[in-house]
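**Student:** Input file: start_5.txt. Contents: compact mmCIF, C-alpha atoms.
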# COMPACT_ATOMS: atom_id res chain seq x y z
CA MET A 1 0.00 0.00 0.00
CA ALA A 2 1.36 3.45 -0.94
CA VAL A 3 2.18 5.70 1.96
CA PRO A 4 3.34 9.34 2.11
CA THR A 5 7.08 9.89 1.93
CA ALA A 6 6.84 12.87 4.32
CA PRO A 7 4.52 13.78 7.19
CA LEU A 8 1.17 15.14 6.06
CA GLY A 9 -0.13 18.49 7.19
CA VAL A 10 0.89 22.10 7.18
CA PRO A 11 2.62 23.20 10.39
CA VAL A 12 0.96 26.37 11.65
CA LEU A 13 2.42 26.63 15.13
CA LYS A 14 5.18 24.34 16.24
CA SER A 15 6.11 23.54 19.78
CA ALA A 16 8.81 21.22 21.10
CA GLU A 17 6.87 20.62 24.31
CA PRO A 18 3.25 21.53 23.65
CA LYS A 19 0.59 21.59 26.31
CA LEU A 20 -1.98 21.06 23.60
CA VAL A 21 -1.86 19.52 20.14
CA LEU A 22 -4.54 20.60 17.68
CA ASN A 23 -5.01 19.04 14.26
CA VAL A 24 -7.23 21.40 12.31
CA TYR A 25 -9.05 19.93 9.32
CA ASN A 26 -10.29 22.53 6.90
CA ASP A 27 -11.27 23.15 3.32
CA LEU A 28 -10.08 26.27 1.58
CA VAL A 29 -13.41 27.47 0.28
CA GLY A 30 -16.57 29.09 1.54
CA SER A 31 -20.06 28.85 0.21
CA GLY A 32 -20.53 32.60 0.26
CA ARG A 33 -23.31 32.11 2.77
CA VAL A 34 -22.51 35.25 4.76
CA GLU A 35 -22.42 37.37 1.63
CA LEU A 36 -25.72 35.89 0.52
CA GLU A 37 -27.34 36.65 3.85
CA VAL A 38 -26.16 40.24 3.67
CA MET A 39 -27.35 40.58 0.08
CA VAL A 40 -30.79 39.23 0.96
CA MET A 41 -31.02 41.71 3.82
CA CYS A 42 -29.99 44.51 1.48
CA HIS A 43 -32.66 43.47 -1.00
CA ILE A 44 -35.28 43.48 1.74
CA ILE A 45 -34.18 46.89 2.99
CA ARG A 46 -33.86 48.31 -0.50
CA TYR A 47 -37.26 47.07 -1.63
CA GLY A 48 -38.76 48.15 1.67
CA VAL A 49 -37.49 51.69 1.15
CA LEU A 50 -38.55 51.61 -2.50
CA LYS A 51 -42.03 50.48 -1.54
CA LEU A 52 -42.26 53.20 1.09
CA VAL A 53 -41.21 55.88 -1.41
CA LEU A 54 -43.59 54.51 -4.03
CA MET A 55 -46.53 54.39 -1.65
CA SER A 56 -45.74 57.87 -0.38
CA SER A 57 -45.60 59.14 -3.96
CA LEU A 58 -48.92 57.53 -4.78
CA TRP A 59 -50.48 58.92 -1.64
CA ILE A 60 -49.16 62.43 -2.36
CA SER A 61 -50.21 62.09 -5.98
CA ALA A 62 -53.69 60.95 -4.99
CA ASP A 63 -53.93 63.72 -2.45
CA LEU A 64 -52.83 66.36 -4.96
CA SER A 65 -55.21 64.91 -7.48
CA LEU A 66 -58.06 65.19 -5.00
CA PHE A 67 -56.96 68.70 -4.11
CA GLN A 68 -56.90 69.63 -7.79
CA LYS A 69 -60.29 68.02 -8.30
CA ASN A 70 -61.74 69.91 -5.38
CA HIS A 71 -60.00 73.06 -6.48
CA ASP A 72 -61.60 72.78 -9.92
CA ASN A 73 -65.01 72.25 -8.34
CA PRO A 74 -66.16 75.51 -6.76
CA ASP A 75 -68.71 73.65 -4.64
CA LYS A 76 -65.99 71.56 -3.00
CA ARG A 77 -63.50 74.36 -2.35
CA GLY A 78 -62.46 74.52 1.22
CA THR A 79 -63.67 71.02 2.00
CA MET B 1 -29.78 44.03 -9.69
CA THR B 2 -26.29 43.94 -8.28
CA LEU B 3 -25.49 44.93 -4.75
CA LYS B 4 -21.84 44.02 -4.76
CA PHE B 5 -20.92 47.14 -2.86
CA PHE B 6 -22.68 45.61 0.12
CA LYS B 7 -20.60 42.40 0.06
CA LEU B 8 -18.54 41.67 3.11
CA LYS B 9 -15.00 40.46 2.94
CA THR B 10 -15.27 37.42 5.13
CA LYS B 11 -12.37 36.21 7.14
CA HIS B 12 -11.70 32.80 8.45
CA ARG B 13 -11.87 33.08 12.21
CA ILE B 14 -9.39 30.33 13.11
CA VAL B 15 -6.82 31.60 10.66
CA SER B 16 -7.32 35.32 11.12
CA GLN B 17 -7.87 35.42 14.88
CA VAL B 18 -7.19 32.20 16.77
CA PHE B 19 -3.80 31.40 15.27
CA PRO B 20 -2.46 34.97 15.69
CA TRP B 21 -3.76 35.11 19.26
CA LEU B 22 -1.95 31.88 20.18
CA GLU B 23 1.21 32.94 18.37
CA LYS B 24 1.27 36.27 20.18
CA GLU B 25 -0.02 35.41 23.63
CA HIS B 26 1.05 31.79 24.10
CA PRO B 27 4.01 30.97 21.87
CA GLY B 28 5.33 27.44 22.23
CA VAL B 29 2.30 26.23 24.15
CA VAL B 30 0.07 24.86 21.41
CA ASP B 31 1.13 22.78 18.43
CA ILE B 32 -1.16 23.22 15.44
CA THR B 33 -1.11 21.38 12.14
CA MET B 34 -3.60 22.02 9.37
CA TYR B 35 -4.91 19.34 7.04
CA PHE B 36 -6.82 19.81 3.81
CA VAL B 37 -10.35 18.45 3.58
CA PRO B 38 -11.67 18.79 0.02
CA GLN B 39 -15.45 18.75 -0.03
CA PRO B 40 -17.18 17.53 -3.20
CA TRP B 41 -20.17 19.83 -2.70
CA HIS B 42 -17.71 22.67 -3.30
CA PRO B 43 -16.11 21.27 -6.49
CA GLN B 44 -13.37 23.89 -6.43
CA SER B 45 -12.40 22.75 -2.94
CA GLY B 46 -10.28 19.94 -4.38
CA THR B 47 -8.78 22.30 -6.92
CA LEU B 48 -7.82 24.76 -4.18
CA ALA B 49 -6.30 21.96 -2.13
CA GLU B 50 -4.30 20.96 -5.21
CA GLY B 51 -3.07 24.55 -5.41
CA ALA B 52 -1.94 24.47 -1.79
CA LEU B 53 -0.20 21.15 -2.39
CA ALA B 54 1.50 22.57 -5.48
CA VAL B 55 2.87 25.37 -3.31
CA GLN B 56 3.91 22.89 -0.63
CA ARG B 57 5.63 20.81 -3.32
CA ALA B 58 7.58 23.83 -4.54
CA ASP B 59 8.37 25.40 -1.16
CA PRO B 60 6.89 23.94 2.05
CA SER B 61 7.68 27.12 3.97
CA ALA B 62 5.39 29.12 1.65
CA THR B 63 2.32 26.94 2.23
CA ILE B 64 0.82 28.67 5.24
CA LYS B 65 1.27 32.10 3.63
CA PHE B 66 -0.51 30.85 0.53
CA ILE B 67 -3.35 29.35 2.58
CA MET B 68 -3.75 32.63 4.46
CA ALA B 69 -3.97 34.47 1.13
CA ILE B 70 -6.64 32.10 -0.15
CA PHE B 71 -8.64 32.56 3.05
CA GLU B 72 -8.25 36.33 2.82
CA ASN B 73 -9.59 36.20 -0.73
CA ARG B 74 -12.34 33.66 -0.24
CA ASP B 75 -14.75 35.90 -2.10
CA ASP B 76 -12.82 35.11 -5.27
CA PHE B 77 -13.04 31.38 -4.74
CA ASN B 78 -16.46 30.69 -3.25
CA ASP B 79 -19.16 28.74 -5.09
CA ASP B 80 -20.69 31.78 -6.73
CA ALA B 81 -17.37 33.24 -7.86
CA VAL B 82 -16.09 30.15 -9.68
CA PHE B 83 -19.31 28.41 -10.69
CA ASP B 84 -18.64 28.61 -14.43
CA MET B 85 -14.85 28.50 -14.25
CA SER B 86 -12.71 25.62 -15.48
CA ARG B 87 -10.24 23.74 -13.31
CA VAL B 88 -7.39 25.49 -15.11
CA GLY B 89 -9.14 28.82 -14.63
CA VAL B 90 -9.14 28.31 -10.87
CA TYR B 91 -5.46 27.35 -11.00
CA GLU B 92 -4.72 30.57 -12.87
CA ARG B 93 -6.68 32.61 -10.34
CA MET B 94 -4.45 31.22 -7.58
CA VAL B 95 -1.20 32.15 -9.35
CA PRO B 96 -0.86 35.68 -7.87
CA HIS B 97 -1.28 34.27 -4.37
CA ALA B 98 1.36 31.61 -5.01
CA GLU B 99 3.71 34.28 -6.31
CA ALA B 100 2.98 36.50 -3.30
CA ALA B 101 3.86 33.55 -1.08
CA GLY B 102 7.20 33.24 -2.85
CA VAL B 103 6.55 30.50 -5.42
CA SER B 104 7.01 31.32 -9.08
CA LYS B 105 4.19 30.78 -11.54
CA GLU B 106 6.23 28.10 -13.31
CA ASP B 107 6.98 26.18 -10.12
CA PHE B 108 3.37 26.50 -8.98
CA LEU B 109 1.85 25.30 -12.23
CA ALA B 110 4.43 22.50 -12.49
CA GLY B 111 2.54 20.72 -9.74
CA LEU B 112 -0.75 21.27 -11.52
CA LYS B 113 0.00 20.31 -15.12
CA GLN B 114 -2.03 17.49 -16.57
CA ASN B 115 -0.51 14.05 -16.09
CA PRO B 116 0.15 11.95 -19.21
CA PRO B 117 -2.97 10.46 -20.83
CA GLY B 118 -4.31 7.47 -18.97
CA GLN B 119 -2.85 8.45 -15.62
CA GLY B 120 -5.40 11.09 -14.69
CA GLY B 121 -4.93 13.97 -12.32
CA VAL B 122 -1.96 16.23 -11.82
CA PRO B 123 1.41 15.74 -10.10
CA VAL B 124 -0.03 16.53 -6.66
CA THR B 125 -3.02 14.18 -6.99
CA THR B 126 -1.30 11.34 -5.13
CA GLN B 127 -0.58 13.68 -2.23
CA LEU B 128 -4.21 14.87 -2.28
CA LYS B 129 -5.34 11.25 -2.01
CA PHE B 130 -3.20 10.81 1.09
CA TYR B 131 -4.90 13.81 2.68
CA VAL B 132 -8.33 12.48 1.83
CA LYS B 133 -7.46 9.07 3.19
CA HIS B 134 -6.07 10.71 6.33
CA HIS B 135 -9.16 12.76 7.14
CA ARG B 136 -11.46 9.85 6.35
CA ALA B 137 -9.49 7.68 8.75
CA ALA B 138 -9.84 10.40 11.39
CA GLY B 139 -13.62 10.43 10.90
CA VAL B 140 -13.66 14.03 9.73
CA HIS B 141 -16.65 15.22 7.72
CA VAL B 142 -17.47 18.84 8.52
CA THR B 143 -15.02 21.72 8.45
CA PRO B 144 -13.48 22.94 10.50
CA SER B 145 -12.96 19.78 12.51
CA VAL B 146 -10.37 19.72 15.24
CA LEU B 147 -8.60 16.80 16.82
CA VAL B 148 -7.61 17.77 20.33
CA ASN B 149 -4.62 15.72 21.42
CA GLY B 150 -5.61 13.14 18.84
CA ILE B 151 -9.31 12.94 19.63
CA LEU B 152 -12.05 14.57 17.53
CA ASP B 153 -13.75 17.40 19.45
CA ASN B 154 -17.29 17.53 18.11
CA GLY B 155 -18.12 20.59 20.19
CA ILE B 156 -16.05 22.94 18.05
CA SER B 157 -18.05 24.80 15.42
CA SER B 158 -17.30 27.11 12.50
CA SER B 159 -19.61 29.66 14.15
CA TRP B 160 -17.44 29.95 17.24
CA THR B 161 -16.29 33.43 18.17
CA LEU B 162 -12.72 34.18 19.17
CA GLN B 163 -13.88 34.27 22.78
CA GLN B 164 -15.28 30.75 22.52
CA TRP B 165 -12.03 29.52 20.98
CA GLN B 166 -10.05 31.23 23.71
CA ASP B 167 -12.21 29.78 26.46
CA ARG B 168 -11.84 26.26 25.07
CA ILE B 169 -8.08 26.46 24.51
CA VAL B 170 -7.49 28.10 27.89
CA GLU B 171 -9.44 25.28 29.51
CA LEU B 172 -7.67 22.51 27.59
CA ALA B 173 -4.14 23.86 28.02
CA SER B 174 -4.65 25.29 31.52
CA LEU B 175 -3.65 28.77 30.36
CA PRO B 176 -4.37 32.10 32.06
CA SER B 177 -7.63 33.61 30.86
CA PRO B 178 -7.21 36.23 28.12
CA GLN B 179 -8.40 39.81 28.40
CA PRO B 180 -11.46 40.34 26.19
CA THR B 181 -10.69 42.22 22.99
CA ALA B 182 -12.94 44.55 21.04
CA ALA B 183 -13.15 42.01 18.23
CA ALA B 184 -14.08 39.22 20.61
CA ALA B 185 -16.66 41.37 22.36
CA SER B 186 -18.37 42.15 19.09
CA GLY B 187 -18.08 38.58 17.82
CA GLN B 188 -16.54 39.95 14.63
CA ALA B 189 -15.36 37.33 12.13
Show me this structure written as structure tokens.
**Tutor:**
Amino acid sequence: MAVPTAPLGVPVLKSAEPKLVLNVYNDLVGSGRVELEVMVMCHIIRYGVLKLVLMSSLWISADLSLFQKNHDNPDKRGT
Amino acid sequence: MTLKFFKLKTKHRIVSQVFPWLEKEHPGVVDITMYFVPQPWHPQSGTLAEGALAVQRADPSATIKFIMAIFENRDDFNDDAVFDMSRVGVYERMVPHAEAAGVSKEDFLAGLKQNPPGQGGVPVTTQLKFYVKHHRAAGVHVTPSVLVNGILDNGISSSWTLQQWQDRIVELASLPSPQPTAAAASGQA
């Protein structure tokens, strides 16, 4: 059976007389999960703000429209 | 719609915080060795491990610097970033980090050139197989996994803060408790 010709592993911290020996097993890649979570939050915030602005615009527009309508109707002026 | 300006540059907590803390505060107390665990659900994971092994093959002393650089630039190598890249494309993307670690492009790619037809893999494939066999024998599946004095510690999690790492290591090695840092207090990665 083939075996390594040198010890495996990448020495990170070496100690002649360690109190603790840690073998850390890791991959070198991330899924991008954190970035995705942040991006989703940004989308929610962005669309939330957009919706707020849109609704405010519609409300102001409707209000102005009503004002204009009332303004054009002498019987409704001042109401 | 792109919101790339909101992207965070993620850092690997063990590499960016735990290792430096131990090196600075408790030199010579803890012995740490890192092993590669390629994960098939991140197809580029094996390719990145091959890159690290190509660096190790060219200059073992450059390996940890290269690994640090890959961790620091994880955004360039995560699933989204390399989804439609070829194996060679990922190798090429690692070249600047190999060079920054002190390994020339030629020496780096020498460990990653295609083996003769019929053999499969690249020059570092045999070494990669040893790593895979090693972590399988150790019962490692998730990353990070940590063997404490030779025994797998299932309590350690990738979500651990620096403070949690410090508490565990202080307990295991009977070290004096560290002073809380701003980063630890905020749980910053």
**Student:** Can you check which residues of chain B have any atom within 6 Å of chain A? Use all atoms listed in the file and format it as a tab-separated table (two decimals) with C-alpha atoms, in the coordinates of the input.
**Tutor:**
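New file part-v4.tsv:
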chain	number	residue	atom	x	y	z
B	7	LYS	CA	-20.60	42.40	0.06
B	8	LEU	CA	-18.54	41.67	3.11
B	28	GLY	CA	5.33	27.44	22.23
B	29	VAL	CA	2.30	26.23	24.15
B	30	VAL	CA	0.07	24.86	21.41
B	31	ASP	CA	1.13	22.78	18.43
B	32	ILE	CA	-1.16	23.22	15.44
B	33	THR	CA	-1.11	21.38	12.14
B	34	MET	CA	-3.60	22.02	9.37
B	35	TYR	CA	-4.91	19.34	7.04
B	36	PHE	CA	-6.82	19.81	3.81
B	37	VAL	CA	-10.35	18.45	3.58
B	38	PRO	CA	-11.67	18.79	0.02
B	45	SER	CA	-12.40	22.75	-2.94
B	78	ASN	CA	-16.46	30.69	-3.25
B	79	ASP	CA	-19.16	28.74	-5.09
B	143	THR	CA	-15.02	21.72	8.45
B	144	PRO	CA	-13.48	22.94	10.50
B	145	SER	CA	-12.96	19.78	12.51
B	146	VAL	CA	-10.37	19.72	15.24
B	147	LEU	CA	-8.60	16.80	16.82
B	148	VAL	CA	-7.61	17.77	20.33
B	149	ASN	CA	-4.62	15.72	21.42
B	173	ALA	CA	-4.14	23.86	28.02
**Student:** Let me make sure I understand: among B:Leu22, B:Ala100, B:Ile156, B:Val90, which one has the smallest atom-to-atom distance to B:Val142 if we use all atoms listed in the file?
**Tutor:**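 Among the listed residues, the smallest separation from B:Val142 belongs to B:Ile156.
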**Student:** What is the distance between atom CA of B:Asn154 and atom CA of B:Leu175, in Å to one decimal?
**Tutor:** 21.5 Å
**Student:** With distances taken over all atoms listed in the file, which residue among B:Tyr131, B:Phe77, B:Phe108, B:Phe19 lies nearest B:Ile64?
**Tutor:**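 Counting all atoms listed in the file, the residue closest to B:Ile64 is B:Phe19.
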**Student:** Quote the spacing between atom CA of B:Ala137 and atom CA of B:Ser157 in Å to one decimal place.
**Tutor:**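 So the two atoms, atom CA of B:Ala137 and atom CA of B:Ser157, lie 20.3 Å apart.
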**Student:** If I take atom CA of B:Thr125 and atom CA of B:Ser16, how far is one from the other in Å, to one decimal?
**Tutor:**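 That distance, rounded to one decimal, is 28.2 Å.
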**Student:** So, counting all atoms listed in the file, which residue among B:Arg168, B:Arg13, B:Arg87, B:Lys24 is closest to B:Gln114?
**Tutor:** B:Arg87
**Student:** Could you list, as a PyMOL selection string, every residue within 10 Å of B:Asn115, counting all atoms listed in the file and ignoring same-chain residues fewer than 5 positions away?
**Tutor:** chain B and resi 120-125
**Student:** Give the answer as one residue: which of B:Pro27, B:Lys113, B:Glu106, B:Val15 has the shortest atom-to-atom distance to B:Ile70, using only C-alpha atoms?
**Tutor:**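 That would be B:Val15, the residue with the smallest distance to B:Ile70.
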